[in-house]
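Here is start.pdb, consisting of PDB, C-alpha atoms (C1' of nucleotides) and all ligand atoms:
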```pdb
ATOM      1  CA  MET A   1     113.749  84.304 121.174
ATOM      2  CA  VAL A   2     117.394  85.088 120.957
ATOM      3  CA  LEU A   3     119.872  87.454 119.362
ATOM      4  CA  THR A   4     120.573  85.531 116.190
ATOM      5  CA  LYS A   5     123.197  86.266 113.558
ATOM      6  CA  TRP A   6     120.984  88.557 111.516
ATOM      7  CA  ARG A   7     119.449  90.302 114.459
ATOM      8  CA  GLU A   8     122.917  90.972 115.778
ATOM      9  CA  LYS A   9     124.153  92.313 112.449
ATOM     10  CA  ILE A  10     121.157  94.563 112.130
ATOM     11  CA  LEU A  11     121.593  95.827 115.664
ATOM     12  CA  LYS A  12     125.241  96.559 114.952
ATOM     13  CA  THR A  13     124.328  98.363 111.732
ATOM     14  CA  ILE A  14     122.050 100.629 113.702
ATOM     15  CA  GLU A  15     124.451 101.187 116.558
ATOM     16  CA  GLU A  16     127.289 102.072 114.243
ATOM     17  CA  SER A  17     125.304 104.663 112.343
ATOM     18  CA  GLU A  18     125.533 108.282 113.450
ATOM     19  CA  LYS A  19     121.997 108.889 112.277
ATOM     20  CA  PRO A  20     118.768 106.906 112.342
ATOM     21  CA  LEU A  21     118.207 104.523 109.456
ATOM     22  CA  THR A  22     115.197 103.311 107.533
ATOM     23  CA  ALA A  23     114.499  99.630 107.008
ATOM     24  CA  ASP A  24     115.829  99.692 103.475
ATOM     25  CA  GLU A  25     118.932 101.625 104.409
ATOM     26  CA  ILE A  26     119.632  98.850 106.889
ATOM     27  CA  TYR A  27     118.841  96.289 104.224
ATOM     28  CA  MET A  28     121.297  97.920 101.804
ATOM     29  CA  LYS A  29     124.045  98.306 104.387
ATOM     30  CA  ASN A  30     123.841  94.557 104.858
ATOM     31  CA  ASN A  31     124.234  93.958 101.122
ATOM     32  CA  PHE A  32     120.649  92.779 100.793
ATOM     33  CA  LYS A  33     121.639  89.608 102.545
ATOM     34  CA  PRO A  34     118.944  88.879 105.091
ATOM     35  CA  ASN A  35     115.558  88.860 103.484
ATOM     36  CA  PHE A  36     113.611  92.092 103.723
ATOM     37  CA  SER A  37     111.030  90.411 105.962
ATOM     38  CA  THR A  38     113.807  89.260 108.205
ATOM     39  CA  VAL A  39     115.004  92.835 108.487
ATOM     40  CA  TYR A  40     111.552  94.002 109.495
ATOM     41  CA  ARG A  41     111.082  91.138 111.907
ATOM     42  CA  ALA A  42     114.484  91.778 113.428
ATOM     43  CA  LEU A  43     113.658  95.455 113.853
ATOM     44  CA  LYS A  44     110.468  94.593 115.636
ATOM     45  CA  PHE A  45     112.312  92.119 117.809
ATOM     46  CA  LEU A  46     115.034  94.605 118.713
ATOM     47  CA  GLU A  47     112.505  97.296 119.466
ATOM     48  CA  ASN A  48     110.570  94.974 121.774
ATOM     49  CA  LYS A  49     113.789  94.160 123.559
ATOM     50  CA  ASN A  50     114.400  97.909 123.939
ATOM     51  CA  LEU A  51     117.678  97.709 122.117
ATOM     52  CA  ILE A  52     116.507 100.169 119.490
ATOM     53  CA  LYS A  53     113.835 102.808 119.080
ATOM     54  CA  SER A  54     112.036 104.243 116.115
ATOM     55  CA  VAL A  55     110.631 107.579 115.113
ATOM     56  CA  SER A  56     108.768 108.796 112.085
ATOM     57  CA  PHE A  57     108.812 112.245 110.611
ATOM     58  CA  ASP A  58     106.657 113.572 107.797
ATOM     59  CA  THR A  59     106.901 110.574 105.530
ATOM     60  CA  GLY A  60     105.245 107.272 106.263
ATOM     61  CA  GLN A  61     108.630 105.773 106.988
ATOM     62  CA  LYS A  62     110.152 104.702 110.264
ATOM     63  CA  TYR A  63     113.693 105.555 111.258
ATOM     64  CA  PHE A  64     115.518 103.265 113.659
ATOM     65  CA  TYR A  65     118.217 104.256 116.107
ATOM     66  CA  SER A  66     120.127 102.804 119.015
ATOM     67  CA  ASN A  67     118.789 102.971 122.524
ATOM     68  CA  LYS A  68     122.285 103.294 123.942
ATOM     69  CA  LYS A  69     122.225 107.072 123.734
ATOM     70  CA  HIS A  70     119.479 109.628 124.049
ATOM     71  CA  TYR A  71     118.564 111.176 120.727
ATOM     72  CA  HIS A  72     116.768 114.217 119.438
ATOM     73  CA  PHE A  73     116.654 115.276 115.827
ATOM     74  CA  LEU A  74     116.861 118.047 113.283
ATOM     75  CA  TYR A  75     114.705 117.014 110.363
ATOM     76  CA  CYS A  76     114.991 118.863 107.050
ATOM     77  CA  ILE A  77     111.529 119.266 105.593
ATOM     78  CA  LYS A  78     112.983 119.796 102.145
ATOM     79  CA  CYS A  79     115.500 116.995 101.595
ATOM     80  CA  GLY A  80     114.798 114.659 104.503
ATOM     81  CA  GLU A  81     118.296 115.014 105.935
ATOM     82  CA  ILE A  82     118.518 114.147 109.617
ATOM     83  CA  GLU A  83     120.968 115.409 112.206
ATOM     84  CA  VAL A  84     120.985 114.430 115.832
ATOM     85  CA  PHE A  85     121.661 116.124 119.128
ATOM     86  CA  ASN A  86     121.238 114.951 122.693
ATOM     87  CA  LYS A  87     120.603 117.975 124.832
ATOM     88  CA  CYS A  88     117.407 117.101 126.667
ATOM     89  CA  ILE A  89     115.062 119.265 128.659
ATOM     90  CA  ALA A  90     112.187 116.873 129.136
ATOM     91  CA  THR A  91     112.586 116.420 132.871
ATOM     92  CA  GLN A  92     110.830 119.615 133.863
ATOM     93  CA  LEU A  93     108.005 118.788 131.494
ATOM     94  CA  GLU A  94     107.787 115.327 132.954
ATOM     95  CA  GLU A  95     107.159 116.793 136.369
ATOM     96  CA  PHE A  96     104.467 118.978 134.905
ATOM     97  CA  ILE A  97     102.755 115.963 133.343
ATOM     98  CA  ASN A  98     103.008 113.836 136.458
ATOM     99  CA  LYS A  99     101.436 116.627 138.428
ATOM    100  CA  ASN A 100      98.607 117.348 136.010
ATOM    101  CA  PHE A 101      97.801 114.155 134.150
ATOM    102  CA  ASN A 102      97.079 110.566 134.932
ATOM    103  CA  PHE A 103      99.646 109.155 132.555
ATOM    104  CA  LYS A 104     102.647 106.911 133.043
ATOM    105  CA  ILE A 105     105.520 108.258 130.969
ATOM    106  CA  THR A 106     107.913 105.748 129.488
ATOM    107  CA  ASP A 107     109.637 107.791 126.812
ATOM    108  CA  HIS A 108     109.516 110.971 124.792
ATOM    109  CA  VAL A 109     110.175 112.168 121.268
ATOM    110  CA  PHE A 110     111.468 115.557 120.315
ATOM    111  CA  TYR A 111     112.615 116.955 116.999
ATOM    112  CA  PHE A 112     112.943 120.244 115.231
ATOM    113  CA  LYS A 113     111.723 120.655 111.692
ATOM    114  CA  GLY A 114     113.314 123.130 109.326
ATOM    115  CA  LEU A 115     115.978 123.514 106.692
ATOM    116  CA  CYS A 116     119.385 121.909 106.760
ATOM    117  CA  LYS A 117     122.518 123.776 105.782
ATOM    118  CA  ASN A 118     122.210 122.966 102.091
ATOM    119  CA  CYS A 119     118.510 123.551 101.676
ATOM    120  CA  LYS A 120     118.795 126.789 103.605
ATOM    121  CA  GLU A 121     121.273 128.081 101.035
ATOM    122  CA  ASP A 122     119.271 126.866  98.070
ATOM    123  CA  GLU A 123     116.407 128.878  99.476
ATOM    124  CA  LYS A 124     118.302 132.135  98.937
ATOM    125  CA  LYS A 125     118.410 131.922  95.153
TER     126      LYS A 125
ATOM    127  CA  MET B   1      93.238 127.582  95.089
ATOM    128  CA  VAL B   2      90.607 128.570  97.557
ATOM    129  CA  LEU B   3      88.885 127.442 100.730
ATOM    130  CA  THR B   4      86.048 125.466  99.198
ATOM    131  CA  LYS B   5      83.055 123.988 100.956
ATOM    132  CA  TRP B   6      84.746 120.665 101.750
ATOM    133  CA  ARG B   7      88.043 122.181 102.685
ATOM    134  CA  GLU B   8      86.238 124.488 105.043
ATOM    135  CA  LYS B   9      84.238 121.670 106.603
ATOM    136  CA  ILE B  10      87.331 119.576 107.066
ATOM    137  CA  LEU B  11      89.186 122.487 108.600
ATOM    138  CA  LYS B  12      86.298 123.085 110.965
ATOM    139  CA  THR B  13      86.199 119.399 111.892
ATOM    140  CA  ILE B  14      89.839 119.574 112.867
ATOM    141  CA  GLU B  15      89.554 122.866 114.709
ATOM    142  CA  GLU B  16      86.583 121.693 116.718
ATOM    143  CA  SER B  17      88.274 118.510 117.875
ATOM    144  CA  GLU B  18      90.080 118.542 121.213
ATOM    145  CA  LYS B  19      92.521 115.951 119.914
ATOM    146  CA  PRO B  20      94.277 115.306 116.615
ATOM    147  CA  LEU B  21      92.368 113.238 114.083
ATOM    148  CA  THR B  22      93.302 110.727 111.438
ATOM    149  CA  ALA B  23      92.115 111.041 107.862
ATOM    150  CA  ASP B  24      89.415 108.455 108.339
ATOM    151  CA  GLU B  25      88.217 109.919 111.596
ATOM    152  CA  ILE B  26      87.753 113.165 109.699
ATOM    153  CA  TYR B  27      86.045 111.251 106.904
ATOM    154  CA  MET B  28      83.626 109.630 109.382
ATOM    155  CA  LYS B  29      82.887 112.846 111.224
ATOM    156  CA  ASN B  30      81.752 114.253 107.891
ATOM    157  CA  ASN B  31      79.408 111.317 107.325
ATOM    158  CA  PHE B  32      81.573 109.945 104.509
ATOM    159  CA  LYS B  33      80.342 112.771 102.337
ATOM    160  CA  PRO B  34      83.380 114.155 100.573
ATOM    161  CA  ASN B  35      85.258 111.432  98.810
ATOM    162  CA  PHE B  36      88.202 109.977 100.660
ATOM    163  CA  SER B  37      90.594 111.400  98.090
ATOM    164  CA  THR B  38      89.033 114.775  98.603
ATOM    165  CA  VAL B  39      89.699 114.467 102.317
ATOM    166  CA  TYR B  40      93.338 113.686 101.698
ATOM    167  CA  ARG B  41      93.696 116.425  99.121
ATOM    168  CA  ALA B  42      92.030 118.898 101.455
ATOM    169  CA  LEU B  43      94.367 117.896 104.268
ATOM    170  CA  LYS B  44      97.360 118.475 102.058
ATOM    171  CA  PHE B  45      95.955 121.808 100.955
ATOM    172  CA  LEU B  46      95.279 122.936 104.519
ATOM    173  CA  GLU B  47      98.702 121.849 105.660
ATOM    174  CA  ASN B  48     100.369 123.780 102.848
ATOM    175  CA  LYS B  49      98.390 126.831 103.822
ATOM    176  CA  ASN B  50      99.608 126.330 107.405
ATOM    177  CA  LEU B  51      96.098 126.065 108.738
ATOM    178  CA  ILE B  52      96.750 122.601 110.120
ATOM    179  CA  LYS B  53      99.708 120.436 111.073
ATOM    180  CA  SER B  54     100.268 116.729 111.255
ATOM    181  CA  VAL B  55     102.203 114.333 113.406
ATOM    182  CA  SER B  56     102.683 110.608 113.373
ATOM    183  CA  PHE B  57     103.313 108.333 116.303
ATOM    184  CA  ASP B  58     104.141 104.652 116.226
ATOM    185  CA  THR B  59     101.668 103.634 113.581
ATOM    186  CA  GLY B  60     101.991 104.517 109.932
ATOM    187  CA  GLN B  61      99.135 106.940 110.322
ATOM    188  CA  LYS B  62      99.102 110.728 110.355
ATOM    189  CA  TYR B  63      97.169 112.745 112.903
ATOM    190  CA  PHE B  64      95.987 116.218 111.956
ATOM    191  CA  TYR B  65      95.454 119.145 114.288
ATOM    192  CA  SER B  66      94.763 122.844 114.150
ATOM    193  CA  ASN B  67      97.559 125.351 113.874
ATOM    194  CA  LYS B  68      95.645 127.874 115.953
ATOM    195  CA  LYS B  69      97.125 126.587 119.186
ATOM    196  CA  HIS B  70     100.452 125.043 120.105
ATOM    197  CA  TYR B  71     100.169 121.335 120.782
ATOM    198  CA  HIS B  72     102.166 118.620 122.479
ATOM    199  CA  PHE B  73     100.919 115.120 123.102
ATOM    200  CA  LEU B  74     100.636 112.187 125.450
ATOM    201  CA  TYR B  75     100.497 109.082 123.312
ATOM    202  CA  CYS B  76      99.414 105.783 124.845
ATOM    203  CA  ILE B  77     101.563 103.012 123.422
ATOM    204  CA  LYS B  78      98.976 100.420 124.354
ATOM    205  CA  CYS B  79      95.640 101.732 123.103
ATOM    206  CA  GLY B  80      96.669 104.678 120.930
ATOM    207  CA  GLU B  81      94.760 107.205 123.022
ATOM    208  CA  ILE B  82      96.033 110.758 122.612
ATOM    209  CA  GLU B  83      95.866 113.615 125.070
ATOM    210  CA  VAL B  84      97.210 117.099 124.472
ATOM    211  CA  PHE B  85      98.950 119.754 126.491
ATOM    212  CA  ASN B  86     100.537 123.022 125.490
ATOM    213  CA  LYS B  87     103.271 123.781 127.938
ATOM    214  CA  CYS B  88     106.300 124.386 125.757
ATOM    215  CA  ILE B  89     109.953 124.589 126.628
ATOM    216  CA  ALA B  90     111.487 124.535 123.182
ATOM    217  CA  THR B  91     112.781 128.079 123.210
ATOM    218  CA  GLN B  92     115.906 127.334 125.221
ATOM    219  CA  LEU B  93     116.640 124.378 122.987
ATOM    220  CA  GLU B  94     116.151 126.561 119.962
ATOM    221  CA  GLU B  95     118.877 128.867 121.152
ATOM    222  CA  PHE B  96     121.121 125.895 121.678
ATOM    223  CA  ILE B  97     120.509 124.705 118.116
ATOM    224  CA  ASN B  98     120.978 128.129 116.591
ATOM    225  CA  LYS B  99     124.282 128.447 118.387
ATOM    226  CA  ASN B 100     125.590 125.015 117.504
ATOM    227  CA  PHE B 101     124.052 123.957 114.214
ATOM    228  CA  ASN B 102     123.588 125.397 110.770
ATOM    229  CA  PHE B 103     119.863 124.724 110.614
ATOM    230  CA  LYS B 104     116.871 126.980 110.126
ATOM    231  CA  ILE B 105     114.170 125.923 112.570
ATOM    232  CA  THR B 106     110.585 126.309 111.426
ATOM    233  CA  ASP B 107     108.751 124.074 113.877
ATOM    234  CA  HIS B 108     109.135 121.344 116.449
ATOM    235  CA  VAL B 109     107.382 118.192 117.608
ATOM    236  CA  PHE B 110     107.262 116.907 121.136
ATOM    237  CA  TYR B 111     105.311 114.077 122.686
ATOM    238  CA  PHE B 112     105.504 111.721 125.599
ATOM    239  CA  LYS B 113     104.907 108.021 125.142
ATOM    240  CA  GLY B 114     103.503 105.904 127.907
ATOM    241  CA  LEU B 115     100.303 104.533 129.357
ATOM    242  CA  CYS B 116      97.048 106.394 129.621
ATOM    243  CA  LYS B 117      94.861 106.266 132.702
ATOM    244  CA  ASN B 118      93.008 103.150 131.580
ATOM    245  CA  CYS B 119      95.923 101.143 130.281
ATOM    246  CA  LYS B 120      97.910 102.022 133.370
ATOM    247  CA  GLU B 121      95.238 100.376 135.522
ATOM    248  CA  ASP B 122      94.883  97.348 133.275
ATOM    249  CA  GLU B 123      98.599  96.851 133.747
ATOM    250  CA  LYS B 124      98.175  96.209 137.466
ATOM    251  CA  LYS B 125      96.137  93.031 137.082
TER     252      LYS B 125
ATOM    253  C1'  DC C   1      72.577 136.126  82.330
ATOM    254  C1'  DC C   2      75.799 133.005  79.352
ATOM    255  C1'  DT C   3      80.367 130.820  78.527
ATOM    256  C1'  DC C   4      84.693 129.128  78.807
ATOM    257  C1'  DG C   5      88.858 127.897  81.297
ATOM    258  C1'  DT C   6      90.689 126.455  85.568
ATOM    259  C1'  DA C   7      90.353 124.319  89.751
ATOM    260  C1'  DA C   8      87.946 120.814  92.653
ATOM    261  C1'  DT C   9      85.852 116.471  93.126
ATOM    262  C1'  DG C  10      84.777 111.448  92.570
ATOM    263  C1'  DC C  11      86.102 107.013  91.439
ATOM    264  C1'  DA C  12      89.193 103.350  90.687
ATOM    265  C1'  DA C  13      93.572 101.834  90.284
ATOM    266  C1'  DA C  14      98.420 102.440  91.818
ATOM    267  C1'  DT C  15     101.939 103.144  95.186
ATOM    268  C1'  DG C  16     105.116 102.453  99.093
ATOM    269  C1'  DA C  17     106.085 100.816 103.468
ATOM    270  C1'  DT C  18     105.260  97.175 106.314
ATOM    271  C1'  DT C  19     103.149  92.718 107.627
ATOM    272  C1'  DT C  20     101.667  87.992 107.169
ATOM    273  C1'  DG C  21     101.008  82.922 105.818
ATOM    274  C1'  DC C  22     103.241  79.178 104.800
ATOM    275  C1'  DA C  23     107.004  76.147 103.505
ATOM    276  C1'  DT C  24     111.796  75.350 104.643
ATOM    277  C1'  DT C  25     115.832  75.673 107.451
ATOM    278  C1'  DT C  26     118.262  76.386 111.756
ATOM    279  C1'  DT C  27     118.916  75.910 116.644
ATOM    280  C1'  DC C  28     119.340  73.712 120.884
ATOM    281  C1'  DA C  29     117.754  71.185 124.910
ATOM    282  C1'  DA C  30     116.695  66.508 126.113
TER     283       DA C  30
ATOM    284  C1'  DT D   1     121.048  62.121 117.670
ATOM    285  C1'  DT D   2     116.535  63.827 117.398
ATOM    286  C1'  DG D   3     112.310  66.544 117.637
ATOM    287  C1'  DA D   4     109.994  70.670 118.778
ATOM    288  C1'  DA D   5     110.175  75.519 118.607
ATOM    289  C1'  DA D   6     112.015  79.470 116.641
ATOM    290  C1'  DA D   7     113.986  81.918 112.652
ATOM    291  C1'  DT D   8     114.227  82.708 107.854
ATOM    292  C1'  DG D   9     112.887  83.219 102.873
ATOM    293  C1'  DC D  10     109.575  84.059  99.541
ATOM    294  C1'  DA D  11     105.358  85.667  97.771
ATOM    295  C1'  DA D  12     101.165  87.572  98.499
ATOM    296  C1'  DA D  13      98.401  90.648 101.429
ATOM    297  C1'  DT D  14      97.463  94.771 103.974
ATOM    298  C1'  DC D  15      97.026  99.604 105.242
ATOM    299  C1'  DA D  16      97.456 104.376 104.602
ATOM    300  C1'  DT D  17      98.022 107.479 101.164
ATOM    301  C1'  DT D  18      98.490 109.126  96.345
ATOM    302  C1'  DT D  19      97.519 109.560  91.482
ATOM    303  C1'  DG D  20      95.324 109.514  86.673
ATOM    304  C1'  DC D  21      91.578 110.536  84.453
ATOM    305  C1'  DA D  22      86.785 111.694  83.594
ATOM    306  C1'  DT D  23      83.230 114.724  85.378
ATOM    307  C1'  DT D  24      81.480 118.703  87.794
ATOM    308  C1'  DA D  25      81.527 123.326  89.994
ATOM    309  C1'  DC D  26      83.173 128.015  90.154
ATOM    310  C1'  DG D  27      84.122 132.703  88.776
ATOM    311  C1'  DA D  28      85.892 136.354  85.726
ATOM    312  C1'  DG D  29      84.935 138.446  81.360
ATOM    313  C1'  DG D  30      81.838 139.182  77.955
TER     314       DG D  30
HETATM  315 MN    MN A 201     115.021 114.092 125.536
HETATM  316 MN    MN A 202     106.431 123.305 121.900
HETATM  317 ZN    ZN A 203     117.778 119.670 103.556
HETATM  318 ZN    ZN A 204      95.853 103.588 126.698
END
```
Could you take the file, read its structure, and then write that structure out as structure tokens?
Ligand SMILES: [Mn+2]
Ligand SMILES: [Mn+2]
Ligand SMILES: [Zn+2]
Ligand SMILES: [Zn+2]
Amino acid sequence: MVLTKWREKILKTIEESEKPLTADEIYMKNNFKPNFSTVYRALKFLENKNLIKSVSFDTGQKYFYSNKKHYHFLYCIKCGEIEVFNKCIATQLEEFINKNFNFKITDHVFYFKGLCKNCKEDEKK
Amino acid sequence: MVLTKWREKILKTIEESEKPLTADEIYMKNNFKPNFSTVYRALKFLENKNLIKSVSFDTGQKYFYSNKKHYHFLYCIKCGEIEVFNKCIATQLEEFINKNFNFKITDHVFYFKGLCKNCKEDEKK
DNA sequence: CCTCGTAATGCAAATGATTTGCATTTTCAA
DNA sequence: TTGAAAATGCAAATCATTTGCATTACGAGG
């Protein structure tokens, strides 16, 4: 169980991207070199090792992103465009949960849905 | 385009549930009576009409919930159990986004990941 | 009350993302 | 150098969801 050549390349692909990537985006960015199954297996491996995280929006697809920074998202419901930001306000909520629920928090997911710059303008016509 | 018998039943199923439901949970709760496709089509219809919303966690599955209340979730990464809460702190973040991004917010999703009561205890052994 | 057109439903097959089984190759500790 | 365990490739399978098409139900206009 080690960080092999492909796993490393895939991790780097994700870390170098400014936005989260789908499995096939990662596949493409690596010139279709590692087999698609290898990509998926690597993603699972990296996620288990907590080197990456994944999130899914409206579509059935997962998006993968680095665990080096804290991410939140702006997801365009029209074109699927994703932007990221990192301002986080979960701490106060965490306290609320710890006080009122019997639940051990390990992570959280937050994103806004709406219209990106382009789709917002298209709307006007 | 109207709220037919099945659509109404499915809406009621969702509104009467304390937690979000998957398509097949909804199917089961209706004794497998409307066809599965009808369930999915009804869900799409209801979501377009903004009567329900959906969210997906780690699995490729969508969970549907009523739009009558504001929901956030506690998602157990071990057993998939879901709890809900409604305390919401998105407003301040919304201002931040409006100030710094060119994005028209229409909704947001927030959930904590972690271990539910049961899985938390199992962990100890 | 009938009648026709449109929308809704059922059924089966298709789709898309992801996973899995198995054969082959790579890795690395002994 | 060698053998076992892990990683990879390839093809087929799986799971949730969607779609095409034939049939049925609904409702406005007659
Ligand atoms: Mn955060
Ligand atoms: Mn909220
Ligand atoms: Zn957009
Ligand atoms: Zn649990």
Residues within 6 Å of ligand ZN 204 (chain A), counting all atoms listed in the file: report them as a short mmCIF file (atom, residue, chain, number, x, y, z; two decimals) with C-alpha atoms, in the frame of the given file.
```cif
data_model
loop_
_atom_site.label_atom_id
_atom_site.label_comp_id
_atom_site.auth_asym_id
_atom_site.auth_seq_id
_atom_site.Cartn_x
_atom_site.Cartn_y
_atom_site.Cartn_z
CA CYS B 76 99.41 105.78 124.84
CA LYS B 78 98.98 100.42 124.35
CA CYS B 79 95.64 101.73 123.10
CA GLY B 80 96.67 104.68 120.93
CA GLU B 81 94.76 107.20 123.02
CA LEU B 115 100.30 104.53 129.36
CA CYS B 116 97.05 106.39 129.62
CA ASN B 118 93.01 103.15 131.58
CA CYS B 119 95.92 101.14 130.28
#
```
Running the PyMOL selection byres ((chain C) within 9 of (chain B)) on this model by hand, what would come out? Give it as a ChimeraX atom specification. /C:7-11,17-18
Mind checking which residues fall within 6 Å of region 7-21 of chain B, counting only C-alpha atoms (C1' of nucleotides), ignoring those fewer than 6 positions away in the same chain, and posting them as a short mmCIF file (atom, residue, chain, number, x, y, z; two decimals) with C-alpha atoms, in the coordinates of the input?
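Just written: around20.cif:
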```cif
data_model
loop_
_atom_site.label_atom_id
_atom_site.label_comp_id
_atom_site.auth_asym_id
_atom_site.auth_seq_id
_atom_site.Cartn_x
_atom_site.Cartn_y
_atom_site.Cartn_z
CA ALA B 42 92.03 118.90 101.46
CA TYR B 63 97.17 112.74 112.90
CA PHE B 64 95.99 116.22 111.96
CA TYR B 65 95.45 119.14 114.29
CA SER B 66 94.76 122.84 114.15
#
```
Could you write out as a PDB file with C-alpha atoms (C1' of nucleotides), in the frame of the given file the residues that the PyMOL selection byres (((chain C and resi 30) around 12) and not hetatm) matches in the shown file?
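Below you can see out_35.pdb, which holds the result:
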```pdb
ATOM      1  C1'  DC C  28     119.340  73.712 120.884  1.00  0.00           C
ATOM      2  C1'  DA C  29     117.754  71.185 124.910  1.00  0.00           C
TER       3       DA C  29
ATOM      4  C1'  DT D   1     121.048  62.121 117.670  1.00  0.00           C
ATOM      5  C1'  DT D   2     116.535  63.827 117.398  1.00  0.00           C
ATOM      6  C1'  DG D   3     112.310  66.544 117.637  1.00  0.00           C
ATOM      7  C1'  DA D   4     109.994  70.670 118.778  1.00  0.00           C
TER       8       DA D   4
END
```
With distances taken over only C-alpha atoms, the candidate from B:Phe32, B:Tyr111, B:Phe85, B:Tyr27 nearest chain A is B:Tyr111
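Coordinates place CA of Leu43 (chain A) at a distance of 13.6 Å from CA of Asn30 (chain A).
Between CA of Ala90 (chain B) and atom MN of ligand MN 202 (chain A) there is a distance of 5.4 Å.
Every residue that the PyMOL selection byres (((chain B and resi 87) around 8) and not hetatm) selects in this file is listed here: Leu93 of chain A; His72, Phe85, Asn86, Cys88 and Ile89 of chain B.
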Test item: chain D residues at most 10 Å from chain B, counting all atoms listed in the file, as JSON, numbers by chain: {"D": [15, 16, 17, 18, 19, 26]}
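Of the residues listed (B:Phe96, B:Phe101, B:Phe110, B:Phe45), B:Phe110 shows the shortest atom-to-atom separation from Tyr71 (chain B); distances use only C-alpha atoms.
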Counting only C-alpha atoms, a student should be able to say which residues of chain A come within 7 Å of chain B; what is the right answer, written as a PDB file with C-alpha atoms, in the coordinates of the input?
```
ATOM      1  CA  SER A  56     108.768 108.796 112.085  1.00  0.00           C
ATOM      2  CA  PHE A  57     108.812 112.245 110.611  1.00  0.00           C
ATOM      3  CA  GLY A  60     105.245 107.272 106.263  1.00  0.00           C
ATOM      4  CA  ASN A 102      97.079 110.566 134.932  1.00  0.00           C
ATOM      5  CA  PHE A 103      99.646 109.155 132.555  1.00  0.00           C
ATOM      6  CA  LYS A 104     102.647 106.911 133.043  1.00  0.00           C
ATOM      7  CA  ILE A 105     105.520 108.258 130.969  1.00  0.00           C
ATOM      8  CA  THR A 106     107.913 105.748 129.488  1.00  0.00           C
ATOM      9  CA  ASP A 107     109.637 107.791 126.812  1.00  0.00           C
ATOM     10  CA  HIS A 108     109.516 110.971 124.792  1.00  0.00           C
ATOM     11  CA  VAL A 109     110.175 112.168 121.268  1.00  0.00           C
ATOM     12  CA  PHE A 110     111.468 115.557 120.315  1.00  0.00           C
ATOM     13  CA  TYR A 111     112.615 116.955 116.999  1.00  0.00           C
ATOM     14  CA  PHE A 112     112.943 120.244 115.231  1.00  0.00           C
ATOM     15  CA  LYS A 113     111.723 120.655 111.692  1.00  0.00           C
ATOM     16  CA  GLY A 114     113.314 123.130 109.326  1.00  0.00           C
ATOM     17  CA  LEU A 115     115.978 123.514 106.692  1.00  0.00           C
ATOM     18  CA  CYS A 116     119.385 121.909 106.760  1.00  0.00           C
ATOM     19  CA  LYS A 117     122.518 123.776 105.782  1.00  0.00           C
ATOM     20  CA  LYS A 120     118.795 126.789 103.605  1.00  0.00           C
TER      21      LYS A 120
END
```
Give me the residues within 12 Å of DA12 (chain D) as a VMD selection string, counting all atoms listed in the file and dropping any in the same chain fewer than 3 places off. chain C and resid 19 to 22
In Å, how far is it from CA of Val84 (chain A) to atom MN of ligand MN 202 (chain A)? 18.1 Å
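Distance annotation: of A:Leu3, A:Lys49, A:Glu121, A:Thr91, the residue with the minimal separation from ligand MN 201 (chain A) is A:Thr91; atom set is all atoms listed in the file.
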Please define a box with edges along x, y and z of the file around all atoms of region 11-19 of chain B given in the file, extend it by 6 Å on each side, and return its centre and edge lengths in Å to one decimal, as lines of an AutoDock Vina configuration file.
```
center_x = 89.4
center_y = 119.5
center_z = 114.9
size_x = 18.3
size_y = 19.1
size_z = 24.6
```
